[in-house]
file query.cif (mmCIF, C-alpha atoms)
data_run
#
loop_
_atom_site.label_atom_id
_atom_site.label_comp_id
_atom_site.auth_asym_id
_atom_site.auth_seq_id
_atom_site.Cartn_x
_atom_site.Cartn_y
_atom_site.Cartn_z
CA MET N 1 72.47 57.13 -11.54
CA LEU N 2 72.80 57.02 -7.77
CA ASP N 3 74.75 54.10 -6.31
CA LYS N 4 73.95 52.39 -3.01
CA ASP N 5 76.24 54.65 -0.97
CA GLN N 6 74.83 57.84 -2.50
CA THR N 7 71.27 56.63 -1.92
CA ALA N 8 72.03 55.83 1.72
CA ALA N 9 73.73 59.20 2.23
CA ALA N 10 70.71 61.05 0.82
CA SER N 11 68.41 59.06 3.13
CA ARG N 12 70.52 59.95 6.16
CA ILE N 13 70.47 63.66 5.33
CA LEU N 14 66.70 63.76 4.88
CA PHE N 15 66.13 61.67 8.00
CA GLN N 16 68.28 64.00 10.09
CA HIS N 17 66.24 67.00 8.94
CA TRP N 18 63.03 65.07 9.60
CA ARG N 19 64.20 64.14 13.12
CA ASP N 20 65.45 67.66 13.94
CA GLY N 21 62.56 69.56 12.35
CA THR N 22 64.94 71.51 10.14
CA LYS N 23 64.98 72.30 6.42
CA LEU N 24 67.39 72.17 3.51
CA ASP N 25 67.37 73.95 0.17
CA ALA N 26 68.09 70.81 -1.87
CA LEU N 27 70.14 67.67 -1.79
CA GLU N 28 73.60 68.30 -3.18
CA PRO N 29 73.82 67.45 -6.90
CA ARG N 30 75.74 64.17 -6.42
CA LEU N 31 73.00 62.89 -4.07
CA ARG N 32 69.99 64.31 -5.85
CA PRO N 33 67.56 61.77 -7.38
CA GLN N 34 66.88 62.21 -11.07
CA SER N 35 63.92 59.85 -11.38
CA ARG N 36 60.95 58.53 -9.43
CA THR N 37 62.81 55.22 -9.00
CA GLU N 38 65.80 56.92 -7.39
CA GLY N 39 63.45 58.98 -5.23
CA TYR N 40 61.70 55.86 -3.95
CA ALA N 41 65.05 54.18 -3.23
CA ILE N 42 66.04 57.11 -0.99
CA GLN N 43 62.59 57.05 0.64
CA ALA N 44 63.01 53.35 1.46
CA GLY N 45 66.10 54.28 3.46
CA LEU N 46 64.00 56.52 5.69
CA GLU N 47 62.01 53.48 6.79
CA THR N 48 65.15 51.66 7.91
CA LEU N 49 66.34 54.71 9.85
CA SER N 50 63.03 55.42 11.57
CA ARG N 51 62.41 54.47 15.18
CA GLY N 52 58.85 53.55 14.23
CA LYS N 53 57.50 50.72 12.14
CA LEU N 54 55.68 50.95 8.83
CA PHE N 55 52.08 51.86 9.67
CA GLY N 56 50.90 52.35 6.12
CA TRP N 57 51.04 54.56 3.06
CA LYS N 58 49.96 58.01 1.97
CA ILE N 59 49.31 59.47 -1.44
CA ALA N 60 50.31 63.04 -2.13
CA ALA N 61 48.85 65.15 -4.91
CA THR N 62 45.72 63.17 -5.79
CA SER N 63 43.83 66.41 -6.40
CA VAL N 64 44.55 69.32 -8.73
CA SER N 65 44.85 71.63 -5.72
CA GLY N 66 47.28 69.24 -4.05
CA GLN N 67 49.37 69.02 -7.22
CA LYS N 68 49.51 72.80 -7.44
CA HIS N 69 50.44 73.03 -3.75
CA ILE N 70 53.70 71.11 -4.30
CA ASN N 71 54.06 71.77 -8.04
CA VAL N 72 53.84 68.24 -9.43
CA THR N 73 51.70 66.76 -12.19
CA GLY N 74 50.54 63.52 -10.56
CA PRO N 75 50.37 61.41 -7.39
CA LEU N 76 53.33 60.42 -5.22
CA ALA N 77 53.42 57.59 -2.66
CA GLY N 78 54.96 57.92 0.80
CA ARG N 79 55.38 55.87 3.96
CA ILE N 80 53.46 56.52 7.19
CA MET N 81 55.63 55.50 10.14
CA SER N 82 54.06 54.49 13.44
CA ASP N 83 55.87 57.20 15.40
CA THR N 84 54.15 59.89 13.33
CA VAL N 85 50.59 58.71 14.06
CA ILE N 86 48.51 60.81 16.47
CA ALA N 87 45.44 59.45 18.22
CA ASP N 88 42.04 60.69 17.08
CA GLY N 89 41.22 63.76 19.19
CA GLY N 90 44.88 64.18 20.14
CA THR N 91 47.27 67.07 19.72
CA ALA N 92 49.84 67.68 16.99
CA SER N 93 52.93 69.81 17.48
CA MET N 94 53.53 72.62 14.99
CA LYS N 95 57.26 72.61 15.76
CA GLY N 96 59.30 72.57 12.57
CA ASN N 97 56.18 72.47 10.38
CA GLU N 98 56.51 75.06 7.62
CA MET N 99 53.82 73.74 5.28
CA ARG N 100 51.20 74.27 8.04
CA VAL N 101 48.12 72.76 6.42
CA GLY N 102 45.60 70.10 7.34
CA GLU N 103 43.97 67.70 4.90
CA PRO N 104 40.75 65.64 5.32
CA GLU N 105 41.20 62.19 3.82
CA PHE N 106 39.51 58.86 3.06
CA ALA N 107 41.60 56.01 4.50
CA PHE N 108 41.45 52.22 4.21
CA ARG N 109 42.99 49.43 6.29
CA MET N 110 43.97 46.37 4.31
CA GLY N 111 42.66 42.94 5.24
CA ARG N 112 45.02 40.87 3.12
CA ASP N 113 48.26 41.24 1.22
CA LEU N 114 48.51 42.49 -2.35
CA PRO N 115 51.93 41.24 -3.50
CA PRO N 116 53.75 42.29 -6.67
CA ARG N 117 52.61 40.65 -9.90
CA ALA N 118 52.99 41.19 -13.63
CA THR N 119 49.53 42.68 -14.25
CA PRO N 120 47.96 45.71 -12.55
CA TYR N 121 45.37 45.24 -9.83
CA THR N 122 41.85 46.35 -10.67
CA VAL N 123 39.89 48.62 -8.37
CA ASP N 124 37.57 45.73 -7.51
CA GLU N 125 40.49 43.44 -6.62
CA VAL N 126 41.99 46.08 -4.33
CA LEU N 127 38.66 46.82 -2.66
CA ALA N 128 38.13 43.11 -2.03
CA ALA N 129 41.38 43.13 -0.02
CA VAL N 130 40.25 46.01 2.23
CA ASP N 131 39.21 45.29 5.81
CA SER N 132 37.86 48.68 6.96
CA PHE N 133 37.23 52.32 6.07
CA HIS N 134 38.39 55.20 8.29
CA PRO N 135 38.05 59.00 8.27
CA ALA N 136 41.50 60.56 8.56
CA ILE N 137 43.48 63.79 8.68
CA GLU N 138 46.94 64.24 7.23
CA ILE N 139 49.29 67.01 8.37
CA PRO N 140 51.96 67.09 5.65
CA ASP N 141 55.28 68.88 5.61
CA SER N 142 58.53 68.80 3.66
CA ARG N 143 62.17 68.73 4.61
CA PHE N 144 62.75 71.16 1.72
CA ALA N 145 62.41 74.86 2.48
CA ASP N 146 61.12 75.42 -1.09
CA PHE N 147 58.93 72.34 -1.40
CA ALA N 148 57.14 73.81 -4.42
CA GLY N 149 60.44 73.99 -6.27
CA ALA N 150 61.99 70.71 -5.10
CA GLY N 151 60.62 68.64 -7.97
CA GLU N 152 58.94 65.26 -8.15
CA ALA N 153 61.98 63.03 -7.54
CA GLN N 154 63.19 64.95 -4.48
CA LEU N 155 59.67 65.09 -3.03
CA ILE N 156 59.34 61.32 -3.37
CA ALA N 157 62.69 60.98 -1.61
CA ASP N 158 61.26 63.32 1.03
CA ASN N 159 58.60 60.68 1.74
CA ALA N 160 56.01 62.46 -0.40
CA CYS N 161 55.76 65.21 2.25
CA ALA N 162 54.67 62.79 4.98
CA HIS N 163 54.76 64.35 8.46
CA LEU N 164 51.90 63.55 10.90
CA PHE N 165 48.74 61.48 10.51
CA VAL N 166 45.48 61.05 12.44
CA LEU N 167 43.34 57.93 11.93
CA GLY N 168 39.70 57.88 12.98
CA ALA N 169 37.81 54.81 14.12
CA ALA N 170 36.72 52.22 11.57
CA THR N 171 33.26 53.05 10.28
CA THR N 172 30.35 50.80 11.12
CA ALA N 173 28.46 52.01 8.03
CA ASN N 174 28.29 49.94 4.85
CA TRP N 175 30.82 52.05 2.99
CA ARG N 176 31.08 49.52 0.16
CA ALA N 177 27.50 50.30 -0.85
CA MET N 178 28.10 54.08 -0.88
CA ASP N 179 29.22 56.33 -3.72
CA LEU N 180 32.41 57.69 -2.19
CA VAL N 181 32.85 59.99 -5.20
CA GLU N 182 29.90 62.08 -4.00
CA GLU N 183 30.69 62.00 -0.29
CA ARG N 184 31.15 65.54 1.04
CA PRO N 185 32.96 65.59 4.38
CA GLN N 186 32.49 68.78 6.39
CA ILE N 187 35.57 70.36 7.95
CA THR N 188 35.31 72.74 10.91
CA LEU N 189 38.27 75.03 11.54
CA ARG N 190 38.40 78.31 13.50
CA GLY N 191 34.61 78.53 13.49
CA GLU N 192 34.41 78.22 9.69
CA ARG N 193 32.93 75.27 7.82
CA TYR N 194 34.38 73.85 4.61
CA VAL N 195 33.03 71.04 2.42
CA GLY N 196 35.25 68.44 0.79
CA HIS N 197 34.31 66.19 -2.10
CA GLY N 198 35.24 62.58 -2.79
CA LYS N 199 35.74 63.28 -6.48
CA ASN N 200 38.73 65.49 -5.60
CA VAL N 201 40.67 62.34 -4.66
CA LEU N 202 41.95 61.25 -8.08
CA GLY N 203 38.33 61.21 -9.26
CA ASP N 204 37.41 58.49 -6.72
CA PRO N 205 39.09 57.53 -3.41
CA ARG N 206 38.78 53.88 -4.43
CA ALA N 207 40.71 54.57 -7.64
CA ALA N 208 43.37 56.32 -5.58
CA LEU N 209 43.68 53.25 -3.36
CA ALA N 210 44.15 51.07 -6.44
CA TRP N 211 46.75 53.53 -7.75
CA LEU N 212 48.75 53.08 -4.53
CA ALA N 213 48.57 49.28 -4.72
CA ASN N 214 49.85 49.39 -8.28
CA GLU N 215 52.56 51.95 -7.51
CA LEU N 216 53.89 49.56 -4.85
CA ARG N 217 53.50 46.64 -7.27
CA SER N 218 55.69 48.48 -9.80
CA LEU N 219 58.33 48.94 -7.08
CA GLY N 220 58.27 45.26 -6.15
CA LEU N 221 56.62 45.99 -2.80
CA THR N 222 53.68 44.28 -1.11
CA LEU N 223 50.76 46.26 0.29
CA ARG N 224 50.29 44.22 3.47
CA ALA N 225 47.34 43.25 5.62
CA GLY N 226 46.98 45.67 8.51
CA GLU N 227 48.57 48.59 6.69
CA VAL N 228 46.55 51.79 6.31
CA VAL N 229 46.37 53.74 3.07
CA THR N 230 45.26 57.36 3.20
CA THR N 231 44.26 58.47 -0.26
CA GLY N 232 44.88 62.22 -0.40
CA THR N 233 42.99 65.35 0.50
CA CYS N 234 39.36 65.78 -0.55
CA HIS N 235 39.57 69.57 0.01
CA PRO N 236 42.28 72.09 -0.90
CA PRO N 237 44.86 72.09 1.93
CA LEU N 238 43.62 74.30 4.77
CA PRO N 239 46.01 76.60 6.67
CA ILE N 240 46.43 75.67 10.34
CA HIS N 241 47.83 77.52 13.36
CA ALA N 242 48.74 76.70 16.94
CA ASP N 243 45.64 76.38 19.17
CA ASP N 244 43.44 75.42 16.20
CA GLN N 245 41.03 72.48 16.32
CA PHE N 246 40.61 70.67 13.00
CA ALA N 247 37.53 68.43 12.88
CA VAL N 248 36.11 66.45 9.96
CA ASP N 249 32.59 65.02 9.87
CA PHE N 250 32.14 62.24 7.31
CA GLY N 251 28.48 61.80 8.23
CA VAL N 252 27.55 58.13 8.68
CA LEU N 253 31.16 57.22 7.91
CA GLY N 254 32.39 58.80 11.13
CA ARG N 255 34.36 61.72 12.50
CA VAL N 256 37.99 62.56 13.21
CA SER N 257 39.71 65.52 14.84
CA VAL N 258 43.04 66.90 15.99
CA GLY N 259 44.29 69.97 17.85
CA PHE N 260 47.51 71.92 17.30
CA VAL N 261 50.05 73.43 19.68
#

call {"tool": "encode", "arguments": {"input": "query.cif", "output": "structure tokens"}}
result
Amino acid sequence: MLDKDQTAAASRILFQHWRDGTKLDALEPRLRPQSRTEGYAIQAGLETLSRGKLFGWKIAATSVSGQKHINVTGPLAGRIMSDTVIADGGTASMKGNEMRVGEPEFAFRMGRDLPPRATPYTVDEVLAAVDSFHPAIEIPDSRFADFAGAGEAQLIADNACAHLFVLGAATTANWRAMDLVEERPQITLRGERYVGHGKNVLGDPRAALAWLANELRSLGLTLRAGEVVTTGTCHPPLPIHADDQFAVDFGVLGRVSVGFV
């Protein structure tokens, strides 16, 4: 089991690679997490080292395609730091990004806190705490050169492959009355059109949001008012290149886009 010093050392190594845009093969055995709990403890250290503040949370691997992409069997939670957020319509640097994919996502901003408690939160309870819905794009990456072989615990330590994030404007549509499972956002990339599907997000983006709230609950963490949760890609990760424009049309729910250099 990792002690406090080993956990802090692993956090510093991963943060340095994150800051420098470099990669490592694996954490050395004495610093390598062997469980989800140890992975999350290392991840928490990244927050304390970051120049930004906690903006919200991401969920990796909520779809079968996403799980295959990083070779895990279920979702992983990661932190979105404020210094990794790009304005809607802005430009993302490809420097140091080896994963090189874009992901269209359903995101929610919380309106009130969901603190830890003994019993799990229901989907309805979590939705009642939401303030707004947003279209979003995640641009993931890993500090591990072989992210598909890093394993669940190391990927959690690696902030669940968090890298860059684009948040669209809050929708003015009545999203609570809509069946998000059957929403089909349209992605435009290099002149091609792709269609996502809400059901790809852990069966329902709302269920994914509740999963995140309960994952934090199990870690003794509060999902706080103002924080954004992006729930995972609704389309298999799409390869991106410098000079691309990645645009997602969620219909009445809004639009979001980002360019790459």

call {"tool": "resolve_selection", "arguments": {"input": "query.cif", "expression": "the PyMOL selection byres ((chain N and resi 37) around 10)", "output": "short mmCIF file (atom, residue, chain, number, x, y, z; two decimals) with C-alpha atoms, in the frame of the given file"}}
result
data_model
loop_
_atom_site.label_atom_id
_atom_site.label_comp_id
_atom_site.auth_asym_id
_atom_site.auth_seq_id
_atom_site.Cartn_x
_atom_site.Cartn_y
_atom_site.Cartn_z
CA PRO N 33 67.56 61.77 -7.38
CA GLN N 34 66.88 62.21 -11.07
CA SER N 35 63.92 59.85 -11.38
CA ARG N 36 60.95 58.53 -9.43
CA GLU N 38 65.80 56.92 -7.39
CA GLY N 39 63.45 58.98 -5.23
CA TYR N 40 61.70 55.86 -3.95
CA ALA N 41 65.05 54.18 -3.23
CA ILE N 42 66.04 57.11 -0.99
CA GLN N 43 62.59 57.05 0.64
CA ALA N 153 61.98 63.03 -7.54
CA ILE N 156 59.34 61.32 -3.37
CA ALA N 157 62.69 60.98 -1.61
CA SER N 218 55.69 48.48 -9.80
CA LEU N 219 58.33 48.94 -7.08
#

call {"tool": "residues_around", "arguments": {"input": "query.cif", "residues": "Arg100 (chain N)", "least_positions_apart": "4", "cutoff": "8 Å", "atoms": "all atoms listed in the file", "output": "tab-separated table (two decimals) with C-alpha atoms, keeping the file's coordinate frame"}}
result
chain	number	residue	atom	x	y	z
N	94	MET	CA	53.53	72.62	14.99
N	139	ILE	CA	49.29	67.01	8.37
N	140	PRO	CA	51.96	67.09	5.65
N	141	ASP	CA	55.28	68.88	5.61
N	239	PRO	CA	46.01	76.60	6.67
N	240	ILE	CA	46.43	75.67	10.34
N	241	HIS	CA	47.83	77.52	13.36

call {"tool": "closest_residue", "arguments": {"input": "query.cif", "among": "N:Arg117, N:His134, N:His197, N:Lys58", "to": "Arg255 (chain N)", "atoms": "only C-alpha atoms"}}
result
N:His134

call {"tool": "resolve_selection", "arguments": {"input": "query.cif", "expression": "the PyMOL selection byres ((chain N and resi 261) around 9)", "output": "JSON, numbers by chain"}}
result
{"N": [91, 92, 93, 94, 95, 241, 242, 243, 244, 259, 260]}

call {"tool": "write_last_selection", "arguments": {"input": "query.cif", "atoms": "C-alpha atoms", "output": "CSV table (one decimal), in the frame of the given file"}}
result
chain,number,residue,atom,x,y,z
N,91,THR,CA,47.3,67.1,19.7
N,92,ALA,CA,49.8,67.7,17.0
N,93,SER,CA,52.9,69.8,17.5
N,94,MET,CA,53.5,72.6,15.0
N,95,LYS,CA,57.3,72.6,15.8
N,241,HIS,CA,47.8,77.5,13.4
N,242,ALA,CA,48.7,76.7,16.9
N,243,ASP,CA,45.6,76.4,19.2
N,244,ASP,CA,43.4,75.4,16.2
N,259,GLY,CA,44.3,70.0,17.8
N,260,PHE,CA,47.5,71.9,17.3

call {"tool": "resolve_selection", "arguments": {"input": "query.cif", "expression": "the PyMOL selection byres ((chain N and resi 114) around 7)", "output": "ChimeraX atom specification"}}
result
/N:112-113,115-116,222-224

call {"tool": "closest_residue", "arguments": {"input": "query.cif", "among": "N:Lys53, N:Arg109, N:Arg143, N:Lys199", "to": "Ser11 (chain N)", "atoms": "all atoms listed in the file"}}
result
N:Arg143

call {"tool": "atom_distance", "arguments": {"input": "query.cif", "atom1": "CA of Arg12 (chain N)", "atom2": "CA of Ile86 (chain N)"}}
result
24.3 Å

call {"tool": "residues_around", "arguments": {"input": "query.cif", "residues": "Val258 (chain N)", "least_positions_apart": "3", "cutoff": "7 Å", "atoms": "all atoms listed in the file", "output": "PyMOL selection string"}}
result
chain N and resi 88-92+245-247

call {"tool": "closest_residue", "arguments": {"input": "query.cif", "among": "N:Ala118, N:Leu27, N:Ile70, N:Ala61", "to": "Thr230 (chain N)", "atoms": "all atoms listed in the file"}}
result
N:Ala61

call {"tool": "closest_residue", "arguments": {"input": "query.cif", "among": "N:Gly56, N:Pro104, N:Gly45, N:Gly254", "to": "Phe15 (chain N)", "atoms": "all atoms listed in the file"}}
result
N:Gly45

call {"tool": "closest_residue", "arguments": {"input": "query.cif", "among": "N:Leu167, N:Ala26, N:Leu49, N:Ala128", "to": "Arg206 (chain N)", "atoms": "all atoms listed in the file"}}
result
N:Ala128

call {"tool": "closest_residue", "arguments": {"input": "query.cif", "among": "N:Leu2, N:Ile59, N:Ala208, N:Ala44", "to": "Ala77 (chain N)", "atoms": "only C-alpha atoms"}}
result
N:Ile59

call {"tool": "atom_distance", "arguments": {"input": "query.cif", "atom1": "CA of Trp57 (chain N)", "atom2": "CA of Asn200 (chain N)"}}
result
18.6 Å

call {"tool": "atom_distance", "arguments": {"input": "query.cif", "atom1": "CA of Arg51 (chain N)", "atom2": "CA of Pro75 (chain N)"}}
result
26.5 Å

call {"tool": "residues_around", "arguments": {"input": "query.cif", "residues": "region 175-182 of chain N", "least_positions_apart": "3", "cutoff": "8 Å", "atoms": "all atoms listed in the file", "output": "JSON, numbers by chain"}}
result
{"N": [133, 171, 197, 198, 199, 203, 204, 205, 206, 253]}

call {"tool": "build_atoms", "arguments": {"input": "query.cif", "residues": "region 151-181 of chain N", "atoms": "N, CA and C atoms", "output": "JSON list (two decimals), keeping the file's coordinate frame"}}
result
[["chain", "number", "residue", "atom", "x", "y", "z"],
["N", 151, "GLY", "N", 60.77, 69.59, -6.88],
["N", 151, "GLY", "CA", 60.62, 68.64, -7.97],
["N", 151, "GLY", "C", 60.16, 67.27, -7.51],
["N", 152, "GLU", "N", 59.58, 66.54, -8.44],
["N", 152, "GLU", "CA", 58.94, 65.26, -8.15],
["N", 152, "GLU", "C", 59.88, 64.26, -7.49],
["N", 153, "ALA", "N", 61.07, 64.06, -8.05],
["N", 153, "ALA", "CA", 61.98, 63.03, -7.54],
["N", 153, "ALA", "C", 62.42, 63.33, -6.12],
["N", 154, "GLN", "N", 62.76, 64.60, -5.84],
["N", 154, "GLN", "CA", 63.19, 64.95, -4.48],
["N", 154, "GLN", "C", 62.02, 64.85, -3.50],
["N", 155, "LEU", "N", 60.82, 65.19, -3.93],
["N", 155, "LEU", "CA", 59.67, 65.09, -3.03],
["N", 155, "LEU", "C", 59.34, 63.63, -2.71],
["N", 156, "ILE", "N", 59.50, 62.74, -3.67],
["N", 156, "ILE", "CA", 59.34, 61.32, -3.37],
["N", 156, "ILE", "C", 60.39, 60.89, -2.36],
["N", 157, "ALA", "N", 61.64, 61.29, -2.57],
["N", 157, "ALA", "CA", 62.69, 60.98, -1.61],
["N", 157, "ALA", "C", 62.35, 61.53, -0.23],
["N", 158, "ASP", "N", 61.68, 62.65, -0.20],
["N", 158, "ASP", "CA", 61.26, 63.32, 1.03],
["N", 158, "ASP", "C", 59.98, 62.70, 1.61],
["N", 159, "ASN", "N", 59.75, 61.45, 1.24],
["N", 159, "ASN", "CA", 58.60, 60.68, 1.74],
["N", 159, "ASN", "C", 57.27, 61.28, 1.34],
["N", 160, "ALA", "N", 57.25, 61.89, 0.14],
["N", 160, "ALA", "CA", 56.01, 62.46, -0.40],
["N", 160, "ALA", "C", 55.36, 63.42, 0.60],
["N", 161, "CYS", "N", 56.22, 64.18, 1.30],
["N", 161, "CYS", "CA", 55.76, 65.21, 2.25],
["N", 161, "CYS", "C", 55.00, 64.62, 3.43],
["N", 162, "ALA", "N", 55.28, 63.37, 3.78],
["N", 162, "ALA", "CA", 54.67, 62.79, 4.98],
["N", 162, "ALA", "C", 55.21, 63.49, 6.22],
["N", 163, "HIS", "N", 54.33, 63.70, 7.21],
["N", 163, "HIS", "CA", 54.76, 64.35, 8.46],
["N", 163, "HIS", "C", 53.99, 63.72, 9.62],
["N", 164, "LEU", "N", 52.72, 64.10, 9.82],
["N", 164, "LEU", "CA", 51.90, 63.55, 10.90],
["N", 164, "LEU", "C", 50.58, 63.05, 10.33],
["N", 165, "PHE", "N", 49.95, 62.12, 11.03],
["N", 165, "PHE", "CA", 48.74, 61.48, 10.51],
["N", 165, "PHE", "C", 47.81, 61.13, 11.67],
["N", 166, "VAL", "N", 46.51, 61.35, 11.45],
["N", 166, "VAL", "CA", 45.48, 61.05, 12.44],
["N", 166, "VAL", "C", 44.47, 60.09, 11.81],
["N", 167, "LEU", "N", 44.26, 58.93, 12.46],
["N", 167, "LEU", "CA", 43.34, 57.93, 11.93],
["N", 167, "LEU", "C", 42.12, 57.84, 12.83],
["N", 168, "GLY", "N", 40.94, 58.04, 12.25],
["N", 168, "GLY", "CA", 39.70, 57.88, 12.98],
["N", 168, "GLY", "C", 39.31, 56.42, 13.12],
["N", 169, "ALA", "N", 38.28, 56.18, 13.90],
["N", 169, "ALA", "CA", 37.81, 54.81, 14.12],
["N", 169, "ALA", "C", 37.24, 54.22, 12.84],
["N", 170, "ALA", "N", 37.32, 52.91, 12.71],
["N", 170, "ALA", "CA", 36.72, 52.22, 11.57],
["N", 170, "ALA", "C", 35.22, 52.48, 11.55],
["N", 171, "THR", "N", 34.70, 52.78, 10.38],
["N", 171, "THR", "CA", 33.26, 53.05, 10.28],
["N", 171, "THR", "C", 32.46, 51.77, 10.47],
["N", 172, "THR", "N", 31.27, 51.94, 11.02],
["N", 172, "THR", "CA", 30.35, 50.80, 11.12],
["N", 172, "THR", "C", 29.34, 50.82, 9.97],
["N", 173, "ALA", "N", 29.38, 51.89, 9.17],
["N", 173, "ALA", "CA", 28.46, 52.01, 8.03],
["N", 173, "ALA", "C", 28.90, 51.09, 6.89],
["N", 174, "ASN", "N", 27.99, 50.77, 6.02],
["N", 174, "ASN", "CA", 28.29, 49.94, 4.85],
["N", 174, "ASN", "C", 28.90, 50.81, 3.76],
["N", 175, "TRP", "N", 30.16, 51.14, 3.92],
["N", 175, "TRP", "CA", 30.82, 52.05, 2.99],
["N", 175, "TRP", "C", 30.94, 51.46, 1.59],
["N", 176, "ARG", "N", 30.95, 50.15, 1.48],
["N", 176, "ARG", "CA", 31.08, 49.52, 0.16],
["N", 176, "ARG", "C", 29.86, 49.80, -0.71],
["N", 177, "ALA", "N", 28.72, 50.05, -0.09],
["N", 177, "ALA", "CA", 27.50, 50.30, -0.85],
["N", 177, "ALA", "C", 27.32, 51.79, -1.17],
["N", 178, "MET", "N", 28.25, 52.64, -0.72],
["N", 178, "MET", "CA", 28.10, 54.08, -0.88],
["N", 178, "MET", "C", 28.92, 54.59, -2.07],
["N", 179, "ASP", "N", 28.48, 55.69, -2.64],
["N", 179, "ASP", "CA", 29.22, 56.33, -3.72],
["N", 179, "ASP", "C", 30.21, 57.31, -3.10],
["N", 180, "LEU", "N", 31.42, 56.85, -2.86],
["N", 180, "LEU", "CA", 32.41, 57.69, -2.19],
["N", 180, "LEU", "C", 32.78, 58.91, -3.03],
["N", 181, "VAL", "N", 32.57, 58.84, -4.34],
["N", 181, "VAL", "CA", 32.85, 59.99, -5.20],
["N", 181, "VAL", "C", 32.04, 61.21, -4.77]]
